[in-house]
$ cat query_5.cif   # mmCIF, C-alpha atoms
data_run
loop_
_atom_site.label_atom_id
_atom_site.label_comp_id
_atom_site.auth_asym_id
_atom_site.auth_seq_id
_atom_site.Cartn_x
_atom_site.Cartn_y
_atom_site.Cartn_z
CA MET A 1 140.83 -40.50 -62.18
CA LYS A 2 143.04 -38.48 -59.87
CA LYS A 3 141.78 -35.33 -58.22
CA ILE A 4 144.10 -32.36 -58.21
CA SER A 5 143.72 -29.75 -55.51
CA ILE A 6 144.94 -26.27 -56.24
CA ASN A 7 147.09 -24.39 -53.81
CA SER A 8 146.08 -20.78 -52.95
CA ASN A 9 149.44 -19.55 -54.25
CA PHE A 10 148.55 -21.09 -57.61
CA ILE A 11 145.50 -18.82 -57.99
CA LEU A 12 147.57 -15.73 -57.19
CA ARG A 13 150.27 -16.80 -59.64
CA TYR A 14 147.59 -17.60 -62.21
CA LEU A 15 146.13 -14.07 -62.01
CA ILE A 16 149.61 -12.54 -62.18
CA CYS A 17 150.33 -14.68 -65.24
CA LEU A 18 147.13 -13.53 -66.97
CA ILE A 19 147.64 -9.85 -66.15
CA LEU A 20 151.30 -9.75 -67.15
CA SER A 21 150.60 -11.75 -70.33
CA ALA A 22 147.85 -9.32 -71.32
CA ILE A 23 150.02 -6.26 -70.67
CA ALA A 24 153.06 -7.72 -72.43
CA VAL A 25 151.10 -8.86 -75.48
CA SER A 26 149.37 -5.48 -75.73
CA ILE A 27 152.66 -3.57 -75.66
CA LEU A 28 154.29 -5.99 -78.10
CA THR A 29 151.35 -5.98 -80.49
CA ILE A 30 151.05 -2.18 -80.47
CA LEU A 31 154.79 -1.78 -81.07
CA LEU A 32 154.89 -4.32 -83.90
CA THR A 33 151.70 -3.32 -85.70
CA LYS A 34 151.28 0.42 -85.12
CA GLY A 35 154.67 1.68 -83.98
CA ILE A 36 155.88 3.71 -81.03
CA SER A 37 153.54 6.63 -81.77
CA PHE A 38 150.51 4.57 -80.75
CA LEU A 39 152.12 3.38 -77.53
CA GLY A 40 150.00 5.41 -75.13
CA VAL A 41 148.66 4.53 -71.73
CA TRP A 42 145.06 4.27 -72.93
CA ALA A 43 146.00 2.08 -75.87
CA ILE A 44 147.84 -0.30 -73.53
CA VAL A 45 144.93 -0.34 -71.06
CA ILE A 46 142.30 -1.03 -73.73
CA VAL A 47 144.28 -3.71 -75.56
CA SER A 48 145.34 -5.28 -72.23
CA ALA A 49 141.73 -5.51 -71.06
CA TYR A 50 140.71 -7.08 -74.35
CA ALA A 51 143.64 -9.54 -74.21
CA PHE A 52 142.92 -10.39 -70.56
CA ILE A 53 139.31 -11.30 -71.37
CA LEU A 54 140.36 -13.44 -74.32
CA TYR A 55 143.08 -15.17 -72.29
CA LEU A 56 140.63 -15.79 -69.47
CA ILE A 57 137.94 -17.27 -71.72
CA PHE A 58 140.00 -19.22 -74.23
CA ALA A 59 143.49 -19.85 -72.84
CA SER A 60 142.57 -20.70 -69.25
CA PRO A 61 140.94 -24.08 -69.94
CA LEU A 62 143.90 -25.09 -72.10
CA GLN A 63 146.31 -23.88 -69.46
CA PHE A 64 144.62 -25.93 -66.73
CA LEU A 65 144.80 -29.04 -68.90
CA LEU A 66 148.49 -28.55 -69.59
CA ASN A 67 149.28 -27.78 -65.96
CA LYS A 68 148.33 -31.31 -64.93
CA ASN A 69 151.81 -32.27 -66.13
CA PRO A 70 153.85 -29.14 -65.47
CA LYS A 71 157.07 -28.70 -67.45
CA LYS A 72 158.91 -25.39 -67.71
CA PHE A 73 159.51 -24.09 -71.25
CA ASN A 74 158.17 -27.24 -72.88
CA ILE A 75 158.26 -26.89 -76.68
CA LEU A 76 155.13 -29.02 -77.04
CA PHE A 77 153.22 -26.54 -74.86
CA LEU A 78 154.49 -23.70 -77.07
CA VAL A 79 153.25 -25.48 -80.20
CA ILE A 80 149.85 -26.10 -78.58
CA TYR A 81 149.53 -22.46 -77.48
CA LEU A 82 150.55 -21.26 -80.94
CA CYS A 83 148.05 -23.54 -82.70
CA PHE A 84 145.19 -22.37 -80.50
CA SER A 85 146.32 -18.76 -80.83
CA PHE A 86 146.42 -18.93 -84.62
CA LEU A 87 142.97 -20.54 -84.73
CA LEU A 88 141.36 -18.08 -82.31
CA ILE A 89 142.90 -14.99 -83.92
CA PHE A 90 141.92 -16.36 -87.36
CA PHE A 91 138.28 -16.51 -86.35
CA LEU A 92 138.42 -13.10 -84.65
CA PHE A 93 139.96 -11.49 -87.73
CA LEU A 94 137.55 -13.37 -89.99
CA PHE A 95 134.51 -11.99 -88.19
CA THR A 96 135.82 -8.44 -87.68
CA ASN A 97 137.56 -7.75 -91.02
CA ASN A 98 135.37 -8.24 -94.06
CA ASP A 99 137.77 -6.56 -96.51
CA THR A 100 140.42 -9.25 -96.89
CA GLY A 101 140.97 -12.69 -95.45
CA PRO A 102 143.07 -12.88 -92.30
CA LEU A 103 145.73 -15.03 -93.96
CA TYR A 104 146.67 -12.12 -96.24
CA MET A 105 147.18 -9.70 -93.37
CA SER A 106 150.61 -9.40 -91.76
CA ASN A 107 148.98 -8.29 -88.49
CA TYR A 108 147.31 -11.71 -88.24
CA TYR A 109 150.67 -13.46 -88.01
CA ILE A 110 152.16 -10.87 -85.66
CA VAL A 111 149.23 -10.93 -83.23
CA SER A 112 148.86 -14.72 -83.32
CA ALA A 113 152.53 -15.47 -82.75
CA SER A 114 152.94 -12.83 -80.05
CA THR A 115 149.89 -13.98 -78.06
CA GLY A 116 151.01 -17.61 -78.10
CA ILE A 117 154.67 -16.96 -77.30
CA VAL A 118 154.03 -14.38 -74.57
CA PHE A 119 151.47 -16.61 -72.86
CA TRP A 120 153.83 -19.59 -73.03
CA ILE A 121 156.69 -17.60 -71.47
CA PHE A 122 154.62 -16.27 -68.57
CA ASP A 123 152.95 -19.65 -68.09
CA SER A 124 156.37 -21.30 -67.86
CA ILE A 125 157.69 -18.70 -65.44
CA PHE A 126 154.72 -18.50 -63.07
CA LEU A 127 152.72 -21.72 -63.31
CA GLN A 128 154.77 -24.66 -64.52
CA ASP A 129 155.83 -25.84 -61.09
CA LYS A 130 154.81 -29.07 -59.37
CA ILE A 131 154.73 -27.53 -55.89
CA PHE A 132 151.46 -25.73 -56.62
CA LEU A 133 149.49 -28.84 -57.54
CA LYS A 134 149.04 -31.83 -55.29
CA GLU A 135 147.14 -34.99 -55.94
CA ASP A 136 144.54 -36.28 -53.54
#
$ encode --input "query_5.cif" --output "structure tokens"
Amino acid sequence: MKKISINSNFILRYLICLILSAIAVSILTILLTKGISFLGVWAIVIVSAYAFILYLIFASPLQFLLNKNPKKFNILFLVIYLCFSFLLIFFLFLFTNNDTGPLYMSNYYIVSASTGIVFWIFDSIFLQDKIFLKED
């Protein structure tokens, strides 16, 4: 098994990727689900904080696994991020909304697709580069 050491620039880029992904997905989700009238600073801050925590807990391990073989804008990575996003959001909606099942809610599809796509774009821009990882 090969050890991979992480460059200090990688950690900075990783945090930038998480923060920008959380902000972008919060703005996109608010615009698509609630409209421009709900696009306030506090709404963006609250949804961004929530998205950042979820990205940090659930997307980070997957991101580190995929970054062992970095490829910019890899469609397979997008499919993997979307699958995990749909599963995670399904369980979150399932446990928080008792009225209807998540599959019958249009917000489920909007939130799931936006979180996966936004994370894939920022991951490809900031982290999918071989210069940040070196093998020992």
$ resolve_selection --input "query_5.cif" --expression "the PyMOL selection byres ((chain A and resi 117) around 12)" --output "number ranges by chain"
A: 21-22, 24-25, 28-29, 73-75, 77-86, 109-116, 118-124
$ atom_distance --input "query_5.cif" --atom1 "atom CA of A:Ile57" --atom2 "atom CA of A:Gly35"
28.1 Å
$ atom_distance --input "query_5.cif" --atom1 "atom CA of A:Ser26" --atom2 "atom CA of A:Phe58"
16.7 Å
$ atom_distance --input "query_5.cif" --atom1 "atom CA of A:Thr96" --atom2 "atom CA of A:Ser48"
18.4 Å
$ residues_around --input "query_5.cif" --residues "A:Arg13" --least-positions-apart "5" --cutoff "9 Å" --atoms "only C-alpha atoms" --output "short mmCIF file (atom, residue, chain, number, x, y, z; two decimals) with C-alpha atoms, keeping the file's coordinate frame"
data_model
loop_
_atom_site.label_atom_id
_atom_site.label_comp_id
_atom_site.auth_asym_id
_atom_site.auth_seq_id
_atom_site.Cartn_x
_atom_site.Cartn_y
_atom_site.Cartn_z
CA SER A 8 146.08 -20.78 -52.95
CA LEU A 18 147.13 -13.53 -66.97
CA PHE A 126 154.72 -18.50 -63.07
CA LEU A 127 152.72 -21.72 -63.31
#
$ closest_residue --input "query_5.cif" --among "A:Cys17, A:Ser106, A:Asn7, A:Phe90" --to "A:Gln63" --atoms "all atoms listed in the file"
A:Cys17
$ closest_residue --input "query_5.cif" --among "A:Met105, A:Ile27, A:Ile125, A:Leu76" --to "A:Val47" --atoms "only C-alpha atoms"
A:Ile27
$ residues_near_point --input "query_5.cif" --point "(141.3, -20.1, -67.0)" --cutoff "12 Å" --atoms "only C-alpha atoms" --output "ChimeraX atom specification"
/A:10-11,14-15,17-18,52-67,123
$ closest_residue --input "query_5.cif" --among "A:Ile16, A:Leu92, A:Leu32, A:Ile23" --to "A:Ile46" --atoms "all atoms listed in the file"
A:Ile23
